[in-house]
$ cat entry08.cif   # mmCIF, C-alpha atoms and all ligand atoms
data_input
#
loop_
_atom_site.label_atom_id
_atom_site.label_comp_id
_atom_site.auth_asym_id
_atom_site.auth_seq_id
_atom_site.Cartn_x
_atom_site.Cartn_y
_atom_site.Cartn_z
CA MET R 1 120.47 100.11 80.41
CA GLU R 2 122.85 99.44 83.25
CA ASP R 3 125.74 97.10 83.98
CA ILE R 4 125.58 95.41 87.35
CA PHE R 5 128.80 94.29 89.06
CA ALA R 6 130.36 93.89 92.51
CA PRO R 7 129.78 95.07 95.17
CA GLU R 8 126.26 95.93 93.84
CA ALA R 9 125.86 92.37 92.54
CA LYS R 10 125.97 91.10 96.14
CA LEU R 11 122.99 93.26 96.97
CA TRP R 12 121.12 91.73 94.01
CA HIS R 13 121.91 88.23 95.27
CA HIS R 14 120.67 89.15 98.71
CA VAL R 15 117.40 90.58 97.40
CA GLU R 16 116.90 87.55 95.17
CA SER R 17 117.54 85.18 98.05
CA VAL R 18 114.95 86.96 100.21
CA ILE R 19 112.52 86.65 97.29
CA ARG R 20 113.21 82.94 96.77
CA ARG R 21 112.84 82.18 100.48
CA GLU R 22 109.47 83.92 100.54
CA MET R 23 108.37 82.09 97.40
CA ASP R 24 109.16 78.72 99.00
CA LEU R 25 107.19 79.77 102.05
CA PHE R 26 104.13 80.71 99.98
CA GLY R 27 104.37 77.76 97.56
CA TYR R 28 105.17 79.60 94.32
CA SER R 29 107.51 77.89 91.85
CA GLU R 30 109.79 79.64 89.38
CA ILE R 31 108.98 79.97 85.71
CA ARG R 32 111.51 81.19 83.12
CA THR R 33 110.09 82.35 79.83
CA PRO R 34 111.93 83.77 76.80
CA ILE R 35 112.73 87.46 76.56
CA LEU R 36 111.45 87.49 72.98
CA GLU R 37 107.80 86.86 72.19
CA LYS R 38 105.67 87.51 69.15
CA THR R 39 104.60 91.17 69.15
CA GLU R 40 100.98 90.10 68.81
CA LEU R 41 101.07 88.55 72.31
CA PHE R 42 101.68 91.94 73.92
CA VAL R 43 99.25 93.75 71.64
CA ARG R 44 96.53 91.33 72.69
CA GLY R 45 97.72 90.77 76.25
CA VAL R 46 98.85 94.19 77.45
CA GLY R 47 96.38 96.08 75.23
CA ASN R 48 96.84 98.30 72.21
CA THR R 49 95.62 101.43 73.98
CA THR R 50 98.38 101.28 76.61
CA ASP R 51 101.49 103.45 76.62
CA ILE R 52 103.60 100.29 76.66
CA VAL R 53 102.21 98.96 73.39
CA LYS R 54 101.72 102.31 71.70
CA LYS R 55 105.10 103.85 72.47
CA GLU R 56 107.48 101.77 74.52
CA MET R 57 108.14 98.38 72.96
CA TYR R 58 111.41 97.19 71.43
CA THR R 59 109.92 95.60 68.33
CA PHE R 60 111.70 94.32 65.23
CA ASN R 61 111.29 91.84 62.40
CA ASP R 62 113.46 88.73 62.72
CA LYS R 63 115.14 87.09 59.74
CA GLY R 64 111.94 85.14 59.06
CA GLU R 65 110.01 88.45 58.81
CA ARG R 66 108.12 87.76 62.04
CA SER R 67 107.44 90.76 64.23
CA MET R 68 109.11 90.06 67.58
CA THR R 69 109.17 92.11 70.80
CA MET R 70 111.48 92.09 73.79
CA ARG R 71 109.13 91.58 76.70
CA PRO R 72 108.04 94.85 78.33
CA GLU R 73 106.44 92.99 81.25
CA GLY R 74 106.20 89.46 82.58
CA THR R 75 102.55 88.46 82.75
CA ALA R 76 101.73 88.04 79.04
CA GLY R 77 104.63 85.62 78.47
CA VAL R 78 103.78 83.64 81.58
CA VAL R 79 100.14 83.36 80.52
CA ARG R 80 101.27 82.19 77.07
CA ALA R 81 103.47 79.51 78.66
CA VAL R 82 100.76 78.40 81.07
CA VAL R 83 98.28 77.99 78.18
CA GLU R 84 100.81 76.36 75.84
CA HIS R 85 101.87 73.73 78.39
CA ASN R 86 98.44 73.17 79.93
CA LEU R 87 99.92 74.04 83.30
CA LEU R 88 96.52 74.89 84.73
CA GLN R 89 95.03 71.46 84.20
CA ALA R 90 98.14 69.84 85.65
CA ALA R 91 98.12 71.96 88.78
CA LEU R 92 94.55 71.96 90.00
CA PRO R 93 93.14 73.76 91.85
CA VAL R 94 95.52 76.68 91.30
CA PHE R 95 98.86 77.29 89.59
CA LYS R 96 101.21 79.60 91.48
CA CYS R 97 104.45 80.81 89.96
CA PHE R 98 107.01 83.59 90.02
CA TYR R 99 109.60 85.05 87.65
CA ILE R 100 112.69 87.24 87.90
CA GLY R 101 114.28 88.77 84.84
CA PRO R 102 114.95 91.75 82.60
CA MET R 103 112.16 93.71 80.91
CA TYR R 104 112.49 96.31 78.18
CA ARG R 105 110.60 99.56 77.71
CA TYR R 106 111.57 102.47 75.52
CA GLU R 107 110.76 105.06 78.17
CA ARG R 108 112.38 108.40 78.94
CA PRO R 109 115.21 107.35 81.27
CA GLN R 110 115.45 109.02 84.68
CA LYS R 111 116.25 108.03 88.26
CA GLY R 112 114.41 104.79 88.91
CA ARG R 113 113.32 104.43 85.30
CA LEU R 114 115.46 102.51 82.85
CA ARG R 115 115.05 100.96 79.44
CA GLN R 116 116.25 97.59 80.64
CA PHE R 117 115.05 96.95 84.17
CA HIS R 118 114.43 93.82 86.21
CA GLN R 119 111.17 92.65 87.60
CA PHE R 120 110.26 90.02 90.10
CA GLY R 121 106.65 89.04 89.69
CA VAL R 122 104.17 86.47 90.93
CA GLU R 123 101.06 85.07 89.30
CA CYS R 124 98.34 82.88 90.77
CA PHE R 125 96.06 81.29 88.17
CA GLY R 126 92.70 79.62 88.53
CA THR R 127 90.83 81.26 91.39
CA ASP R 128 88.87 84.41 92.13
CA SER R 129 89.13 83.92 95.87
CA PRO R 130 89.69 87.25 97.64
CA TYR R 131 92.06 85.41 100.01
CA ILE R 132 94.45 85.06 97.08
CA ASP R 133 94.22 88.80 96.38
CA ALA R 134 95.24 89.33 100.00
CA GLU R 135 97.97 86.69 99.76
CA VAL R 136 99.54 88.26 96.69
CA ILE R 137 99.53 91.72 98.26
CA GLN R 138 100.94 90.19 101.43
CA ILE R 139 103.84 88.64 99.47
CA LEU R 140 104.84 91.98 97.97
CA TYR R 141 104.55 93.71 101.33
CA MET R 142 106.44 91.02 103.27
CA ILE R 143 109.35 90.91 100.84
CA LEU R 144 109.80 94.66 101.08
CA LYS R 145 109.50 94.52 104.88
CA ASN R 146 111.99 91.64 105.10
CA LEU R 147 114.47 93.76 103.18
CA GLY R 148 114.14 96.33 105.93
CA LEU R 149 112.16 98.87 103.92
CA SER R 150 109.83 101.13 105.87
CA GLU R 151 107.41 103.97 105.18
CA LEU R 152 105.70 101.87 102.56
CA ASN R 153 102.29 102.79 101.29
CA VAL R 154 100.04 100.01 100.03
CA LYS R 155 97.45 101.57 97.75
CA LEU R 156 94.41 99.54 96.91
CA ASN R 157 91.48 100.05 94.57
CA SER R 158 88.94 98.15 92.54
CA ILE R 159 88.66 98.96 88.87
CA GLY R 160 85.56 96.88 88.17
CA CYS R 161 84.87 94.25 85.57
CA PRO R 162 83.39 94.04 82.04
CA GLU R 163 79.94 94.33 83.62
CA CYS R 164 80.35 97.56 85.60
CA ARG R 165 83.34 99.25 83.96
CA PRO R 166 81.73 100.12 80.59
CA VAL R 167 78.78 101.73 82.39
CA PHE R 168 81.17 103.72 84.55
CA LYS R 169 83.35 104.68 81.56
CA GLU R 170 80.34 106.45 80.05
CA LYS R 171 79.95 108.44 83.27
CA ALA R 172 83.65 109.35 83.25
CA ILE R 173 83.52 110.38 79.58
CA GLU R 174 80.50 112.56 80.28
CA TYR R 175 82.23 114.23 83.23
CA PHE R 176 85.60 114.86 81.54
CA SER R 177 84.02 115.94 78.23
CA GLY R 178 82.91 119.08 80.04
CA MET R 179 86.51 120.06 80.76
CA LYS R 180 88.36 119.11 77.59
CA ASP R 181 90.13 122.44 77.42
CA LYS R 182 91.65 121.91 80.88
CA LEU R 183 92.94 118.39 80.15
CA CYS R 184 96.39 117.80 78.61
CA SER R 185 96.53 116.63 75.01
CA GLU R 186 97.23 113.05 76.03
CA CYS R 187 94.21 112.99 78.33
CA ASN R 188 92.07 114.37 75.51
CA GLU R 189 93.15 111.31 73.53
CA ARG R 190 92.54 109.04 76.55
CA LEU R 191 89.02 110.45 76.83
CA THR R 192 87.95 108.46 73.81
CA VAL R 193 90.16 105.36 74.07
CA ASN R 194 90.78 104.78 77.77
CA PRO R 195 89.19 107.44 80.02
CA LEU R 196 90.22 105.65 83.23
CA ARG R 197 93.84 106.52 82.53
CA ILE R 198 93.00 110.20 83.05
CA TYR R 199 92.83 109.43 86.77
CA ASP R 200 96.54 108.65 87.04
CA CYS R 201 97.79 111.48 84.81
CA LYS R 202 100.54 113.40 86.63
CA VAL R 203 99.81 116.76 84.96
CA PRO R 204 98.57 119.07 87.79
CA GLU R 205 95.63 120.46 85.74
CA CYS R 206 94.43 116.93 84.97
CA LYS R 207 94.82 115.96 88.62
CA GLU R 208 92.69 118.96 89.56
CA CYS R 209 90.04 117.89 87.02
CA SER R 210 89.81 114.35 88.37
CA LYS R 211 89.51 115.48 92.01
CA ASP R 212 85.73 115.86 91.81
CA ALA R 213 85.21 113.21 89.12
CA PRO R 214 83.11 110.11 89.72
CA PHE R 215 85.28 107.19 90.85
CA MET R 216 85.11 103.60 89.63
CA SER R 217 85.11 102.15 93.13
CA ASP R 218 81.88 104.05 93.90
CA HIS R 219 80.18 102.42 90.91
CA LEU R 220 81.08 98.74 91.26
CA CYS R 221 78.59 95.98 90.49
CA LYS R 222 77.58 93.75 93.43
CA SER R 223 80.12 91.05 92.65
CA CYS R 224 83.04 93.55 92.41
CA GLY R 225 81.83 95.47 95.46
CA ASP R 226 81.58 92.33 97.63
CA HIS R 227 84.97 91.14 96.41
CA PHE R 228 86.60 94.47 97.23
CA GLU R 229 85.10 94.56 100.74
CA LYS R 230 86.34 91.04 101.44
CA VAL R 231 89.89 91.79 100.21
CA LYS R 232 90.00 94.82 102.48
CA SER R 233 88.74 92.91 105.50
CA VAL R 234 91.20 90.02 104.97
CA LEU R 235 94.11 92.45 104.64
CA SER R 236 93.05 94.19 107.84
CA SER R 237 92.78 90.86 109.65
CA ILE R 238 96.42 90.04 108.84
CA ASN R 239 97.60 93.55 109.70
CA ILE R 240 98.67 94.68 106.26
CA PRO R 241 98.21 98.45 106.34
CA PHE R 242 96.66 99.85 103.18
CA THR R 243 94.90 102.94 101.91
CA HIS R 244 92.02 102.94 99.48
CA ASP R 245 93.25 105.09 96.60
CA LYS R 246 90.26 105.84 94.40
CA SER R 247 92.40 107.23 91.60
CA LEU R 248 94.66 104.16 91.28
CA VAL R 249 93.98 102.63 87.85
CA ARG R 250 97.26 100.99 86.66
CA GLY R 251 98.64 101.28 83.16
CA LEU R 252 97.78 97.89 81.71
CA ASP R 253 94.45 97.05 80.12
CA TYR R 254 94.00 93.53 81.41
CA TYR R 255 93.23 94.27 85.06
CA THR R 256 89.82 93.58 86.60
CA LYS R 257 88.59 94.18 90.15
CA THR R 258 91.59 94.49 92.51
CA ALA R 259 94.39 96.89 91.58
CA PHE R 260 97.24 97.72 93.95
CA GLU R 261 100.56 99.44 94.17
CA VAL R 262 103.21 99.78 96.86
CA THR R 263 105.14 103.03 97.00
CA SER R 264 108.09 104.13 99.13
CA LYS R 265 108.71 107.55 100.69
CA HIS R 266 112.42 106.94 100.08
CA LEU R 267 112.19 107.22 96.30
CA GLY R 268 111.82 110.30 94.14
CA ALA R 269 109.22 110.89 91.46
CA GLN R 270 109.26 107.23 90.41
CA ASP R 271 108.11 105.98 93.80
CA ALA R 272 106.29 102.73 92.88
CA LEU R 273 108.18 99.66 94.05
CA GLY R 274 105.64 97.28 92.62
CA GLY R 275 102.09 96.92 91.54
CA GLY R 276 99.62 94.55 90.07
CA GLY R 277 96.08 93.39 90.10
CA ARG R 278 93.52 90.80 89.20
CA TYR R 279 93.08 89.75 85.59
CA ASP R 280 90.11 87.44 85.40
CA ASN R 281 89.78 87.35 81.61
CA LEU R 282 93.33 87.44 80.27
CA VAL R 283 93.94 83.69 80.20
CA SER R 284 90.80 83.02 78.17
CA GLU R 285 91.50 86.02 75.92
CA LEU R 286 94.88 84.48 75.13
CA GLY R 287 93.33 81.15 74.15
CA GLY R 288 93.28 79.37 77.50
CA PRO R 289 90.48 78.15 79.73
CA LYS R 290 88.47 80.48 81.94
CA ALA R 291 90.91 81.10 84.77
CA PRO R 292 90.55 84.11 87.02
CA SER R 293 94.03 85.14 88.11
CA ILE R 294 96.05 87.78 89.93
CA GLY R 295 99.66 88.91 90.05
CA PHE R 296 102.11 91.77 90.48
CA GLY R 297 105.43 93.01 89.18
CA MET R 298 108.08 94.55 91.41
CA GLY R 299 110.95 96.64 90.07
CA LEU R 300 114.28 95.38 91.41
CA GLU R 301 116.27 98.54 90.55
CA ARG R 302 113.81 100.60 92.54
CA VAL R 303 114.06 98.21 95.48
CA MET R 304 117.88 98.54 95.40
CA LEU R 305 117.51 102.32 95.26
CA ALA R 306 115.14 102.36 98.24
CA VAL R 307 117.48 100.09 100.24
CA LYS R 308 120.36 102.48 99.53
CA ASN R 309 118.37 105.67 100.15
CA GLN R 310 117.23 104.27 103.48
CA ASN R 311 120.83 103.38 104.40
CA ILE R 312 119.84 99.86 105.33
CA ASP R 313 122.77 97.76 106.48
CA LEU R 314 121.94 94.32 105.10
CA LYS R 315 125.04 92.80 106.73
CA ILE R 316 126.03 91.28 103.43
CA SER R 317 129.38 89.59 103.85
CA SER R 318 131.86 90.74 101.30
CA GLY R 319 135.48 89.87 100.79
CA GLN R 320 137.46 86.70 100.93
CA ASP R 321 138.68 84.68 103.89
CA VAL R 322 142.28 84.25 102.78
CA TYR R 323 144.81 85.95 100.51
CA ILE R 324 147.87 83.78 99.85
CA ILE R 325 151.04 85.67 98.98
CA PRO R 326 153.97 83.79 97.43
CA PHE R 327 157.21 85.57 98.32
CA SER R 328 158.35 85.22 94.71
CA ASN R 329 157.30 83.31 91.61
CA ASN R 330 159.33 80.35 92.88
CA GLU R 331 156.71 79.68 95.55
CA SER R 332 153.70 80.03 93.24
CA ASP R 333 153.28 76.30 92.48
CA TYR R 334 153.27 75.47 96.19
CA CYS R 335 150.87 78.29 96.95
CA PHE R 336 148.49 77.31 94.18
CA LYS R 337 148.16 73.85 95.75
CA LEU R 338 147.62 75.42 99.16
CA LEU R 339 144.92 77.62 97.60
CA THR R 340 143.20 74.61 96.05
CA GLY R 341 143.24 72.84 99.42
CA LEU R 342 141.64 75.79 101.20
CA ARG R 343 138.91 76.15 98.59
CA ALA R 344 138.19 72.41 98.80
CA GLU R 345 137.52 72.98 102.51
CA GLY R 346 135.03 75.74 101.71
CA ILE R 347 137.32 78.63 102.62
CA SER R 348 137.07 81.48 100.11
CA SER R 349 140.61 82.26 98.99
CA GLN R 350 142.65 84.11 96.42
CA MET R 351 146.33 83.93 95.49
CA ALA R 352 148.44 86.94 94.55
CA VAL R 353 149.68 86.74 90.99
CA GLY R 354 152.64 88.71 89.64
CA GLU R 355 155.67 89.75 91.66
CA LYS R 356 155.22 92.84 93.82
CA LYS R 357 156.66 94.38 96.94
CA MET R 358 155.24 92.83 100.12
CA GLY R 359 153.59 96.17 101.05
CA SER R 360 151.65 96.22 97.77
CA HIS R 361 150.54 92.64 98.31
CA PHE R 362 149.11 93.56 101.69
CA LYS R 363 147.30 96.53 100.17
CA ASP R 364 145.75 94.13 97.61
CA ALA R 365 144.70 91.83 100.46
CA GLU R 366 142.88 94.74 102.06
CA LYS R 367 141.28 95.72 98.76
CA ILE R 368 139.68 92.31 98.31
CA GLY R 369 138.54 92.39 101.93
CA ALA R 370 140.63 89.39 103.01
CA ARG R 371 140.52 88.45 106.69
CA PHE R 372 143.84 86.57 106.64
CA ALA R 373 147.00 86.84 104.60
CA VAL R 374 149.22 83.78 104.28
CA VAL R 375 152.80 84.49 103.28
CA VAL R 376 154.91 81.70 101.81
CA GLY R 377 158.66 82.01 101.09
CA GLU R 378 161.47 79.55 100.56
CA ASN R 379 161.90 78.99 104.31
CA GLU R 380 158.22 78.33 104.86
CA ILE R 381 158.21 75.65 102.17
CA LYS R 382 161.27 74.02 103.74
CA SER R 383 159.84 74.07 107.27
CA GLY R 384 156.26 73.22 106.21
CA CYS R 385 155.10 76.13 108.38
CA VAL R 386 153.41 79.21 106.83
CA ALA R 387 152.97 82.71 108.24
CA VAL R 388 149.30 83.60 108.81
CA LYS R 389 148.44 87.22 109.49
CA ASN R 390 145.07 88.23 110.89
CA LEU R 391 144.62 91.49 109.03
CA ALA R 392 142.09 93.10 111.34
CA ALA R 393 143.78 92.11 114.61
CA HIS R 394 147.31 92.69 113.25
CA GLU R 395 148.41 89.37 114.78
CA GLN R 396 150.69 86.82 113.20
CA ALA R 397 151.12 83.10 113.78
CA ASN R 398 153.20 80.33 112.26
CA VAL R 399 150.90 77.51 111.24
CA ASP R 400 151.61 74.00 110.04
CA ALA R 401 150.67 74.05 106.32
CA ALA R 402 148.88 70.69 106.64
CA GLY R 403 146.59 72.12 109.33
CA LEU R 404 146.06 75.53 107.67
CA ALA R 405 142.40 74.95 106.72
CA GLU R 406 141.56 73.83 110.26
CA TYR R 407 143.36 76.82 111.75
CA ILE R 408 141.52 79.30 109.48
CA LYS R 409 138.16 77.67 110.17
CA ASN R 410 138.65 77.97 113.93
CA ALA R 411 139.93 81.53 113.62
CA LEU R 412 136.89 82.51 111.49
CA LYS R 413 134.55 81.13 114.16
CA LYS R 414 136.11 83.52 116.68
P1 LIG R 501 104.29 97.77 85.78
O1 LIG R 501 104.58 96.53 85.02
O2 LIG R 501 104.33 99.01 84.92
O3 LIG R 501 103.11 97.68 86.65
O4 LIG R 501 105.54 97.98 86.75
C1 LIG R 501 105.75 97.24 87.92
C2 LIG R 501 106.96 97.77 88.62
O5 LIG R 501 108.11 97.65 87.77
C3 LIG R 501 106.90 99.27 88.93
O6 LIG R 501 106.25 99.50 90.14
C4 LIG R 501 108.36 99.64 88.99
O7 LIG R 501 108.90 99.31 90.26
C5 LIG R 501 108.99 98.74 87.97
N1 LIG R 501 109.20 99.45 86.67
C6 LIG R 501 108.32 99.65 85.67
N2 LIG R 501 108.88 100.30 84.64
C7 LIG R 501 110.17 100.52 85.00
C8 LIG R 501 111.28 101.15 84.36
N3 LIG R 501 111.20 101.65 83.14
N4 LIG R 501 112.45 101.19 85.04
C9 LIG R 501 112.57 100.67 86.27
N5 LIG R 501 111.56 100.06 86.91
C10 LIG R 501 110.37 99.99 86.30
#
$ encode --input "entry08.cif" --output "structure tokens"
Amino acid sequence: MEDIFAPEAKLWHHVESVIRREMDLFGYSEIRTPILEKTELFVRGVGNTTDIVKKEMYTFNDKGERSMTMRPEGTAGVVRAVVEHNLLQAALPVFKCFYIGPMYRYERPQKGRLRQFHQFGVECFGTDSPYIDAEVIQILYMILKNLGLSELNVKLNSIGCPECRPVFKEKAIEYFSGMKDKLCSECNERLTVNPLRIYDCKVPECKECSKDAPFMSDHLCKSCGDHFEKVKSVLSSINIPFTHDKSLVRGLDYYTKTAFEVTSKHLGAQDALGGGGRYDNLVSELGGPKAPSIGFGMGLERVMLAVKNQNIDLKISSGQDVYIIPFSNNESDYCFKLLTGLRAEGISSQMAVGEKKMGSHFKDAEKIGARFAVVVGENEIKSGCVAVKNLAAHEQANVDAAGLAEYIKNALKK
């Protein structure tokens, strides 16, 4: 779990502001749900055969002996809230929302994989229109593009529905049963509980086994097949580049039909920036109405990592406009008022505290990235004129204290 502080925090703000702008554009409103939910929600929602539920949840009994879990992902909590507050009925025909916040998974930490990480995610409830599949994929892609990320790979697949998936699962079980000795021990377990997960196992021998296996997207029912074709054609029509990745299955049980993931060439082994899919039955399984839905989760730490690895200059302004330096403690009261006046005019300012040599003060001004230093001594207070130093241009001017804010504003414009 990581601490986040300046200057990194500025990057987070920037990424979040790009996200919020895009969300306004696409008509998604924010939802904030609690970090803690009843464990049962994730067992039912995420699925008890998934790695998340089996191995990765932070679960404990609270003082009332209820089993609680710190959310490992965003969708289950959002679905619970949507059902609990009848948000679907209120928002006909569809309810579109997004979330940003910390998630918790007890995974083996490595670069790009933490135990507390942050996800931005969107959900659109109440429609099975393939245009919404395309829209949701477009959102993820556009946000990453707007952050300047390149060499992205949008992987797309269809993982069927309760009509065609069970039939296909039998085929997969039959195929992989013939090569049990080549599969890793986890895949041997998956063979009985969740054979589709064998397809995204990273163990080379398992990868080799699944190369010639039957693929779900070749065995879709008519409804899933038509849906998949339409999603692909809409994405092509809006110029979102994608590849059909037949082995993409995603780690959560609730997905139906469309599954997708965006990866970056600028990340290491953990190269997925975000992923998601359609979940047409989750809302009703969690006690709500029938509401086909789709969403994704994007990992913010990985986005930050990709931005850094790609050396993207986001032109994030850092530093303060003004650093006020009282010559001695005697001038501090005067300076503090000056400081308050500048801030009231929207000029970001700091005042030096503690007596130091003038040289050290100027070093501090540089450290905080100040553009101007204002020095105030006894004489300046008497004359009502303060010394303003442009730190980059190494120029100095005497400025009437009453007009200081105006002077700084004009100088900043230049
Ligand atoms: P998932 O909910 O597993 O589909 O994950 C969605 C996205 O969240 C992934 O593509 C990653 O970018 C990010 N993510 C998932 N798990 C972690 C983790 N342990 N640490 C950092 N980011 C993660």
$ residues_near_ligand --input "entry08.cif" --ligand "ligand LIG 501 (chain R)" --cutoff "7 Å" --atoms "all atoms listed in the file" --output "ChimeraX atom specification"
/R:73,105,107,112-119,250-251,261,272-276,297-302
$ write_last_selection --input "entry08.cif" --atoms "C-alpha atoms" --output "tab-separated table (two decimals), keeping the file's coordinate frame"
chain	number	residue	atom	x	y	z
R	73	GLU	CA	106.44	92.99	81.25
R	105	ARG	CA	110.60	99.56	77.71
R	107	GLU	CA	110.76	105.06	78.17
R	112	GLY	CA	114.41	104.79	88.91
R	113	ARG	CA	113.32	104.43	85.30
R	114	LEU	CA	115.46	102.51	82.85
R	115	ARG	CA	115.05	100.96	79.44
R	116	GLN	CA	116.25	97.59	80.64
R	117	PHE	CA	115.05	96.95	84.17
R	118	HIS	CA	114.43	93.82	86.21
R	119	GLN	CA	111.17	92.65	87.60
R	250	ARG	CA	97.26	100.99	86.66
R	251	GLY	CA	98.64	101.28	83.16
R	261	GLU	CA	100.56	99.44	94.17
R	272	ALA	CA	106.29	102.73	92.88
R	273	LEU	CA	108.18	99.66	94.05
R	274	GLY	CA	105.64	97.28	92.62
R	275	GLY	CA	102.09	96.92	91.54
R	276	GLY	CA	99.62	94.55	90.07
R	297	GLY	CA	105.43	93.01	89.18
R	298	MET	CA	108.08	94.55	91.41
R	299	GLY	CA	110.95	96.64	90.07
R	300	LEU	CA	114.28	95.38	91.41
R	301	GLU	CA	116.27	98.54	90.55
R	302	ARG	CA	113.81	100.60	92.54
$ residues_around --input "entry08.cif" --residues "Val78 in chain R" --least-positions-apart "6" --cutoff "12 Å" --atoms "all atoms listed in the file" --output "compact mmCIF listing (two decimals) with C-alpha atoms, in the coordinates of the input"
# COMPACT_ATOMS: atom_id res chain seq x y z
CA GLU R 30 109.79 79.64 89.38
CA ILE R 31 108.98 79.97 85.71
CA ARG R 32 111.51 81.19 83.12
CA THR R 33 110.09 82.35 79.83
CA PRO R 34 111.93 83.77 76.80
CA ILE R 35 112.73 87.46 76.56
CA GLU R 37 107.80 86.86 72.19
CA LEU R 41 101.07 88.55 72.31
CA PHE R 42 101.68 91.94 73.92
CA GLY R 45 97.72 90.77 76.25
CA ARG R 71 109.13 91.58 76.70
CA GLU R 84 100.81 76.36 75.84
CA HIS R 85 101.87 73.73 78.39
CA ASN R 86 98.44 73.17 79.93
CA LEU R 87 99.92 74.04 83.30
CA LEU R 88 96.52 74.89 84.73
CA PHE R 95 98.86 77.29 89.59
CA LYS R 96 101.21 79.60 91.48
CA CYS R 97 104.45 80.81 89.96
CA PHE R 98 107.01 83.59 90.02
CA TYR R 99 109.60 85.05 87.65
CA ILE R 100 112.69 87.24 87.90
CA GLY R 121 106.65 89.04 89.69
CA VAL R 122 104.17 86.47 90.93
CA GLU R 123 101.06 85.07 89.30
CA CYS R 124 98.34 82.88 90.77
CA PHE R 125 96.06 81.29 88.17
CA LEU R 282 93.33 87.44 80.27
CA VAL R 283 93.94 83.69 80.20
CA LEU R 286 94.88 84.48 75.13
CA SER R 293 94.03 85.14 88.11
CA GLY R 295 99.66 88.91 90.05
$ residues_around --input "entry08.cif" --residues "range 326-329 of chain R" --least-positions-apart "5" --cutoff "8 Å" --atoms "only C-alpha atoms" --output "list in words"
Cys335, Met351, Ala352, Gly354, Glu355, Met358, Val375, Val376, Gly377 and Glu378 of chain R
$ closest_residue --input "entry08.cif" --among "R:Pro214, R:Val231, R:Lys382, R:Thr50" --to "Glu189 in chain R" --atoms "all atoms listed in the file"
R:Thr50
$ atom_distance --input "entry08.cif" --atom1 "CA of Val303 in chain R" --atom2 "CA of Asp271 in chain R"
9.9 Å
$ atom_distance --input "entry08.cif" --atom1 "CA of Glu406 in chain R" --atom2 "CA of Ser17 in chain R"
29.2 Å
$ closest_residue --input "entry08.cif" --among "R:Glu345, R:Glu174, R:Asp321, R:Glu331" --to "Glu366 in chain R" --atoms "all atoms listed in the file"
R:Asp321
$ axis_aligned_box --input "entry08.cif" --around "range 296-307 of chain R" --padding-each-side "8 Å" --output "lines of an AutoDock Vina configuration file"
center_x = 110.0
center_y = 97.1
center_z = 94.7
size_x = 31.8
size_y = 26.6
size_z = 27.1
$ closest_atom_pairs --input "entry08.cif" --of "range 287-381 of chain R" --to "range 141-163 of chain R" --cutoff "9 Å" --atoms "all atoms listed in the file" --output "tab-separated table"
residue	atom	partner	partner_atom	distance
R:Val303	CA	R:Leu144	CA	7.9
R:Ala306	CA	R:Leu149	CA	7.3
R:Val307	CA	R:Leu149	CA	6.6
R:Gln310	CA	R:Leu149	CA	7.4
R:Ile312	CA	R:Gly148	CA	6.7
R:Asp313	CA	R:Gly148	CA	8.8
R:Leu314	CA	R:Leu147	CA	7.7
$ closest_residue --input "entry08.cif" --among "R:Leu339, R:Ile381, R:Val94, R:Val374" --to "Ala397 in chain R" --atoms "all atoms listed in the file"
R:Val374
$ atom_distance --input "entry08.cif" --atom1 "CA of Asp133 in chain R" --atom2 "CA of Ile294 in chain R"
6.8 Å
$ residues_around --input "entry08.cif" --residues "Asn48 in chain R" --least-positions-apart "4" --cutoff "12 Å" --atoms "all atoms listed in the file" --output "ChimeraX atom specification"
/R:39-44,52-57,193-194,251-254
